[in-house]
Amino acid sequence: MQSLRLFLDVAKYQSFSRGAAEHGITQSAASQRIRALEKKLGVTLFDRKVRPLAMTPAGEVFAREGRELLDRYDALEQRVSSLRPGVAGQVVVDAIYSAGIDLLDHLRQEFEALHPRVSVVVNYKQPEEVFEAVRREQCDFGIVSFPQQWREGGFIPLRDERMAVVCSPEHPWAHRRRLNASDLHGQRMIAYEPNLPVARRIKKYFRDLGVAPLVASVFDNIDTIKSAVAVTDQVAILPKRTAAREAAAETLVVIDLEPKLVRSVGVIHRRRKTGVTGVFSPAAQAFVDYLREHAGADVDSADALDRTLAGSQLVGGQS
């Protein structure tokens with residue numbers, strides 16, 4: 001793996017000397033290691049006749065596949081390391097509010113009880129603030145919805161949350177168990193601020209189906225949307241889980257929506273430099289694994305919704 005890391009650094013900088021410096025060795029030693037690697041593979045990885053240094057076709061394949069292999073190995077190493085007794089340290093997580101304050105707080109407490117030497121701090125922010133904190137490495141990782149691809153970062157899926165129509169108990173639809181998207185054509189709705197990822201996803205959903213609701217008002221957080229729905233004749237589309245408490249208290253009605261619309265939620269992180277072992281610290285990796293197990297794909301199941309209702313008061317937020 002060290003030879004592979006060295007090769008990737010030399011390829012990155014197009015320089016034996018800079019690659020060697022990253023590993024604390026001489027240029028001569030780096031060149032010898034790469035030649036040994038080429039001899040083992042039976043191919044030439046670099047065209048040494050050109051400046052700056054360029055990879056051969058074989059080198060390009062080895063770099064592309066090697067990076068994926070190294071990422072998988074580092075992730076595996078960190079995951080195994082996180083299972084060793086005595087994992088310790090602080091984990092800082094930046095999350096959007098609608099990732100579930102109640103859910104995350106409950107899991108944080110459970111995790112800290114299992115790992116008494118680990119402290120988990122969760123900061124709730126707007127989506128763009130979470131992204132910026134991850135980019136600047138101000139947190140171990142972020143939790144967002146509808147993550148965008150970015151070259152310096154990675155994404156680990158957590159779950160797809162089912163979206164539903166929410167209305168007041170006095171609304172004419174309150175007795176309905178299911179609605180088709182076409183039922184919302186011309187219906188007065190409360191929507192998300194249009195710059196939010198979830199708003200763009202819902203807009204595309206309706207556009208693809210040829211449905212045009214009437215947007216009566218917009219808000220930037222789920223808590224305000226729920227409050228507005230409860231006192232008006234307007235409806236909204238929210239992640240089903242986020243209205244579970246209100247549905248149980250009969251202050252809101254949650255109606256299944258067809259065709260299915262989901263909100264993807266996951267962990268975003270900044271890729272670490274080649275030569276640095278792993279994506280996360282052992283403590284952060286352990287918490288990521290815990291979230292994937294307990295806040296993952298089955299979060300909308302009956303057991304998960306029961307946990308929501310049994311936990312602390314649900315707080316909505318940025319989407």
# chains A, B, ... in the order shown; residues from 1 in each chain; ligands from 1
>>> closest_atom_pairs(of="segment 40-109 of chain A", to="segment 215-236 of chain A", cutoff="12 Å", atoms="only C-alpha atoms", output="JSON lines")
{"residue": "A:Ile96", "atom": "CA", "partner": "A:Asn221", "partner_atom": "CA", "distance": 10.0}
{"residue": "A:Tyr97", "atom": "CA", "partner": "A:Asn221", "partner_atom": "CA", "distance": 8.1}
{"residue": "A:Ser98", "atom": "CA", "partner": "A:Ile222", "partner_atom": "CA", "distance": 7.0}
{"residue": "A:Ala99", "atom": "CA", "partner": "A:Ile222", "partner_atom": "CA", "distance": 10.8}
{"residue": "A:Gly100", "atom": "CA", "partner": "A:Ile222", "partner_atom": "CA", "distance": 10.6}
{"residue": "A:Ile101", "atom": "CA", "partner": "A:Asp223", "partner_atom": "CA", "distance": 11.7}
>>> write_last_selection(atoms="N, CA and C atoms", output="PDB file, in the first residue's frame")
ATOM      1  N   ILE A  96     -28.056  19.425   9.052  1.00  0.00           N
ATOM      2  CA  ILE A  96     -29.246  20.231   8.816  1.00  0.00           C
ATOM      3  C   ILE A  96     -30.259  19.899   9.910  1.00  0.00           C
ATOM      4  N   TYR A  97     -31.111  20.858  10.242  1.00  0.00           N
ATOM      5  CA  TYR A  97     -32.075  20.658  11.325  1.00  0.00           C
ATOM      6  C   TYR A  97     -32.985  19.466  11.053  1.00  0.00           C
ATOM      7  N   SER A  98     -33.431  19.327   9.813  1.00  0.00           N
ATOM      8  CA  SER A  98     -34.397  18.271   9.524  1.00  0.00           C
ATOM      9  C   SER A  98     -33.764  16.894   9.408  1.00  0.00           C
ATOM     10  N   ALA A  99     -32.469  16.783   9.707  1.00  0.00           N
ATOM     11  CA  ALA A  99     -31.882  15.446   9.844  1.00  0.00           C
ATOM     12  C   ALA A  99     -32.497  14.733  11.039  1.00  0.00           C
ATOM     13  N   GLY A 100     -33.140  15.500  11.934  1.00  0.00           N
ATOM     14  CA  GLY A 100     -33.842  14.912  13.076  1.00  0.00           C
ATOM     15  C   GLY A 100     -33.121  15.186  14.376  1.00  0.00           C
ATOM     16  N   ILE A 101     -33.406  16.333  14.986  1.00  0.00           N
ATOM     17  CA  ILE A 101     -32.734  16.670  16.239  1.00  0.00           C
ATOM     18  C   ILE A 101     -33.029  15.628  17.303  1.00  0.00           C
TER      19      ILE A 101
END
>>> select_by_dssp(residues="segment 120-259 of chain A", states="helix (DSSP H, G or I)", output="ChimeraX atom specification")
/A:127-135,181-184,197-209,222-230,240-248
>>> closest_residue(among="A:His185, A:Arg200, A:Lys240, A:Arg35", to="Ala212 of chain A", atoms="only C-alpha atoms")
A:His185
>>> closest_atom_pairs(of="segment 58-176 of chain A", to="segment 3-19 of chain A", cutoff="8 Å", atoms="only C-alpha atoms", output="tab-separated table")
residue	atom	partner	partner_atom	distance
A:Ala63	CA	A:Leu8	CA	6.3
A:Gly66	CA	A:Leu4	CA	7.0
A:Arg67	CA	A:Leu8	CA	7.5
A:Leu70	CA	A:Arg5	CA	7.9
>>> write_last_selection(atoms="C-alpha atoms", output="PDB file, in the first residue's frame")
ATOM      1  CA  ALA A  63      -3.931   5.471 -10.843  1.00  0.00           C
ATOM      2  CA  GLY A  66      -5.526   2.295  -7.374  1.00  0.00           C
ATOM      3  CA  ARG A  67      -7.246   5.344  -5.860  1.00  0.00           C
ATOM      4  CA  LEU A  70      -6.833   2.690  -1.537  1.00  0.00           C
TER       5      LEU A  70
END
>>> closest_atom_pairs(of="segment 53-101 of chain A", to="segment 136-154 of chain A", cutoff="6 Å", atoms="only C-alpha atoms", output="JSON lines")
{"residue": "A:Val92", "atom": "CA", "partner": "A:Cys139", "partner_atom": "CA", "distance": 5.0}
{"residue": "A:Val93", "atom": "CA", "partner": "A:Phe141", "partner_atom": "CA", "distance": 5.4}
{"residue": "A:Asp94", "atom": "CA", "partner": "A:Gly142", "partner_atom": "CA", "distance": 4.7}
{"residue": "A:Ala95", "atom": "CA", "partner": "A:Ile143", "partner_atom": "CA", "distance": 4.5}
{"residue": "A:Ile96", "atom": "CA", "partner": "A:Val144", "partner_atom": "CA", "distance": 5.7}
>>> atom_distance(atom1="atom CA of Ile268 of chain A", atom2="atom CA of Asp289 of chain A")
13.7 Å
>>> atom_distance(atom1="atom CA of Phe131 of chain A", atom2="atom CA of Glu193 of chain A")
18.0 Å
>>> select_by_dssp(residues="segment 33-102 of chain A", states="strand (DSSP E or B)", output="ChimeraX atom specification")
/A:46-47,54-55,89-96
>>> residues_around(residues="Val262 of chain A", least_positions_apart="5", cutoff="8 Å", atoms="only C-alpha atoms", output="short mmCIF file (atom, residue, chain, number, x, y, z; two decimals) with N, CA and C atoms, in the first residue's frame")
data_model
loop_
_atom_site.label_atom_id
_atom_site.label_comp_id
_atom_site.auth_asym_id
_atom_site.auth_seq_id
_atom_site.Cartn_x
_atom_site.Cartn_y
_atom_site.Cartn_z
N ASP A 160 -33.19 6.84 2.58
CA ASP A 160 -34.14 7.56 1.75
C ASP A 160 -35.43 7.68 2.55
N GLU A 161 -35.84 8.92 2.84
CA GLU A 161 -37.04 9.16 3.64
C GLU A 161 -38.25 9.38 2.74
N ARG A 162 -39.33 8.67 3.04
CA ARG A 162 -40.57 8.82 2.27
C ARG A 162 -41.20 10.18 2.56
N MET A 163 -41.56 10.90 1.50
CA MET A 163 -42.24 12.18 1.64
C MET A 163 -43.74 11.95 1.62
N PRO A 239 -41.00 15.24 4.84
CA PRO A 239 -40.60 13.88 5.16
C PRO A 239 -41.57 13.30 6.19
#
>>> residues_around(residues="Arg159 of chain A", least_positions_apart="6", cutoff="7 Å", atoms="only C-alpha atoms", output="count of residues only")
5
>>> residues_around(residues="segment 251-258 of chain A", least_positions_apart="5", cutoff="7 Å", atoms="only C-alpha atoms", output="PyMOL selection string")
chain A and resi 164-169+174+176-181+230+246
>>> atom_distance(atom1="atom CA of Asp102 of chain A", atom2="atom CA of Val120 of chain A")
14.6 Å
>>> closest_residue(among="A:Ala244, A:Leu104, A:Ala113, A:Leu214", to="Gln187 of chain A", atoms="only C-alpha atoms")
A:Leu214
>>> decode(residues="segment 143-236 of chain A", atoms="C-alpha atoms", output="PDB file, in the first residue's frame")
ATOM      1  CA  ILE A 143     -25.373  15.302   7.511  1.00  0.00           C
ATOM      2  CA  VAL A 144     -27.406  16.749   4.634  1.00  0.00           C
ATOM      3  CA  SER A 145     -30.217  15.932   2.235  1.00  0.00           C
ATOM      4  CA  PHE A 146     -29.858  15.669  -1.537  1.00  0.00           C
ATOM      5  CA  PRO A 147     -26.045  16.011  -1.438  1.00  0.00           C
ATOM      6  CA  GLN A 148     -24.286  17.431  -4.490  1.00  0.00           C
ATOM      7  CA  GLN A 149     -21.172  15.803  -5.951  1.00  0.00           C
ATOM      8  CA  TRP A 150     -17.933  17.706  -5.332  1.00  0.00           C
ATOM      9  CA  ARG A 151     -14.413  16.737  -6.312  1.00  0.00           C
ATOM     10  CA  GLU A 152     -12.810  17.141  -2.884  1.00  0.00           C
ATOM     11  CA  GLY A 153     -15.525  15.352  -0.948  1.00  0.00           C
ATOM     12  CA  GLY A 154     -17.348  12.081  -0.569  1.00  0.00           C
ATOM     13  CA  PHE A 155     -20.854  10.946   0.363  1.00  0.00           C
ATOM     14  CA  ILE A 156     -22.030   8.001   2.463  1.00  0.00           C
ATOM     15  CA  PRO A 157     -25.768   7.250   2.093  1.00  0.00           C
ATOM     16  CA  LEU A 158     -27.788   6.939   5.291  1.00  0.00           C
ATOM     17  CA  ARG A 159     -31.394   6.579   4.169  1.00  0.00           C
ATOM     18  CA  ASP A 160     -34.143   7.563   1.753  1.00  0.00           C
ATOM     19  CA  GLU A 161     -37.040   9.161   3.639  1.00  0.00           C
ATOM     20  CA  ARG A 162     -40.575   8.816   2.272  1.00  0.00           C
ATOM     21  CA  MET A 163     -42.236  12.183   1.638  1.00  0.00           C
ATOM     22  CA  ALA A 164     -45.932  12.649   2.425  1.00  0.00           C
ATOM     23  CA  VAL A 165     -48.721  15.213   2.183  1.00  0.00           C
ATOM     24  CA  VAL A 166     -49.470  16.933   5.500  1.00  0.00           C
ATOM     25  CA  CYS A 167     -52.695  18.805   6.278  1.00  0.00           C
ATOM     26  CA  SER A 168     -54.765  19.948   9.270  1.00  0.00           C
ATOM     27  CA  PRO A 169     -57.424  17.646  10.817  1.00  0.00           C
ATOM     28  CA  GLU A 170     -60.102  20.029   9.468  1.00  0.00           C
ATOM     29  CA  HIS A 171     -58.933  19.806   5.878  1.00  0.00           C
ATOM     30  CA  PRO A 172     -61.291  18.031   3.416  1.00  0.00           C
ATOM     31  CA  TRP A 173     -58.515  15.527   2.736  1.00  0.00           C
ATOM     32  CA  ALA A 174     -58.042  14.616   6.400  1.00  0.00           C
ATOM     33  CA  HIS A 175     -59.916  11.329   5.937  1.00  0.00           C
ATOM     34  CA  ARG A 176     -57.743  10.266   2.982  1.00  0.00           C
ATOM     35  CA  ARG A 177     -55.036   7.638   3.444  1.00  0.00           C
ATOM     36  CA  ARG A 178     -53.422   8.152   0.068  1.00  0.00           C
ATOM     37  CA  LEU A 179     -53.207  10.912  -2.529  1.00  0.00           C
ATOM     38  CA  ASN A 180     -51.971  10.927  -6.090  1.00  0.00           C
ATOM     39  CA  ALA A 181     -49.720  13.767  -7.160  1.00  0.00           C
ATOM     40  CA  SER A 182     -52.382  14.796  -9.672  1.00  0.00           C
ATOM     41  CA  ASP A 183     -54.721  15.577  -6.734  1.00  0.00           C
ATOM     42  CA  LEU A 184     -52.390  18.459  -5.868  1.00  0.00           C
ATOM     43  CA  HIS A 185     -52.849  20.208  -9.229  1.00  0.00           C
ATOM     44  CA  GLY A 186     -54.168  23.689  -8.459  1.00  0.00           C
ATOM     45  CA  GLN A 187     -54.123  22.991  -4.700  1.00  0.00           C
ATOM     46  CA  ARG A 188     -52.903  25.796  -2.409  1.00  0.00           C
ATOM     47  CA  MET A 189     -49.627  24.653  -0.851  1.00  0.00           C
ATOM     48  CA  ILE A 190     -47.012  25.805   1.617  1.00  0.00           C
ATOM     49  CA  ALA A 191     -43.590  25.192   0.122  1.00  0.00           C
ATOM     50  CA  TYR A 192     -39.921  25.352   1.000  1.00  0.00           C
ATOM     51  CA  GLU A 193     -37.749  28.314   0.094  1.00  0.00           C
ATOM     52  CA  PRO A 194     -36.882  27.667  -3.573  1.00  0.00           C
ATOM     53  CA  ASN A 195     -33.099  27.707  -2.989  1.00  0.00           C
ATOM     54  CA  LEU A 196     -33.246  24.631  -0.717  1.00  0.00           C
ATOM     55  CA  PRO A 197     -32.337  21.233  -2.235  1.00  0.00           C
ATOM     56  CA  VAL A 198     -35.623  19.661  -1.131  1.00  0.00           C
ATOM     57  CA  ALA A 199     -37.566  22.460  -2.846  1.00  0.00           C
ATOM     58  CA  ARG A 200     -35.754  21.815  -6.123  1.00  0.00           C
ATOM     59  CA  ARG A 201     -36.459  18.088  -5.841  1.00  0.00           C
ATOM     60  CA  ILE A 202     -40.190  18.610  -5.218  1.00  0.00           C
ATOM     61  CA  LYS A 203     -40.394  21.089  -8.108  1.00  0.00           C
ATOM     62  CA  LYS A 204     -38.823  18.529 -10.452  1.00  0.00           C
ATOM     63  CA  TYR A 205     -41.198  15.834  -9.151  1.00  0.00           C
ATOM     64  CA  PHE A 206     -44.239  17.928 -10.059  1.00  0.00           C
ATOM     65  CA  ARG A 207     -42.764  19.117 -13.363  1.00  0.00           C
ATOM     66  CA  ASP A 208     -42.062  15.542 -14.475  1.00  0.00           C
ATOM     67  CA  LEU A 209     -45.677  14.613 -13.706  1.00  0.00           C
ATOM     68  CA  GLY A 210     -47.190  17.711 -15.281  1.00  0.00           C
ATOM     69  CA  VAL A 211     -48.686  18.843 -11.969  1.00  0.00           C
ATOM     70  CA  ALA A 212     -48.851  22.529 -10.973  1.00  0.00           C
ATOM     71  CA  PRO A 213     -49.847  23.268  -7.360  1.00  0.00           C
ATOM     72  CA  LEU A 214     -50.467  26.867  -6.269  1.00  0.00           C
ATOM     73  CA  VAL A 215     -47.698  27.967  -3.904  1.00  0.00           C
ATOM     74  CA  ALA A 216     -49.374  30.226  -1.349  1.00  0.00           C
ATOM     75  CA  SER A 217     -46.373  30.805   0.940  1.00  0.00           C
ATOM     76  CA  VAL A 218     -42.803  29.612   1.446  1.00  0.00           C
ATOM     77  CA  PHE A 219     -40.684  28.966   4.541  1.00  0.00           C
ATOM     78  CA  ASP A 220     -37.128  27.777   5.120  1.00  0.00           C
ATOM     79  CA  ASN A 221     -37.792  25.248   7.887  1.00  0.00           C
ATOM     80  CA  ILE A 222     -40.064  22.320   8.656  1.00  0.00           C
ATOM     81  CA  ASP A 223     -41.159  23.557  12.070  1.00  0.00           C
ATOM     82  CA  THR A 224     -42.664  26.742  10.599  1.00  0.00           C
ATOM     83  CA  ILE A 225     -44.272  24.830   7.731  1.00  0.00           C
ATOM     84  CA  LYS A 226     -45.971  22.449  10.167  1.00  0.00           C
ATOM     85  CA  SER A 227     -47.259  25.347  12.264  1.00  0.00           C
ATOM     86  CA  ALA A 228     -48.673  27.076   9.170  1.00  0.00           C
ATOM     87  CA  VAL A 229     -50.352  23.916   7.902  1.00  0.00           C
ATOM     88  CA  ALA A 230     -52.039  23.369  11.279  1.00  0.00           C
ATOM     89  CA  VAL A 231     -53.864  26.731  11.161  1.00  0.00           C
ATOM     90  CA  THR A 232     -54.664  27.065   7.428  1.00  0.00           C
ATOM     91  CA  ASP A 233     -56.453  25.153   4.687  1.00  0.00           C
ATOM     92  CA  GLN A 234     -53.153  24.681   2.870  1.00  0.00           C
ATOM     93  CA  VAL A 235     -51.145  21.468   2.579  1.00  0.00           C
ATOM     94  CA  ALA A 236     -47.418  20.753   2.444  1.00  0.00           C
TER      95      ALA A 236
END
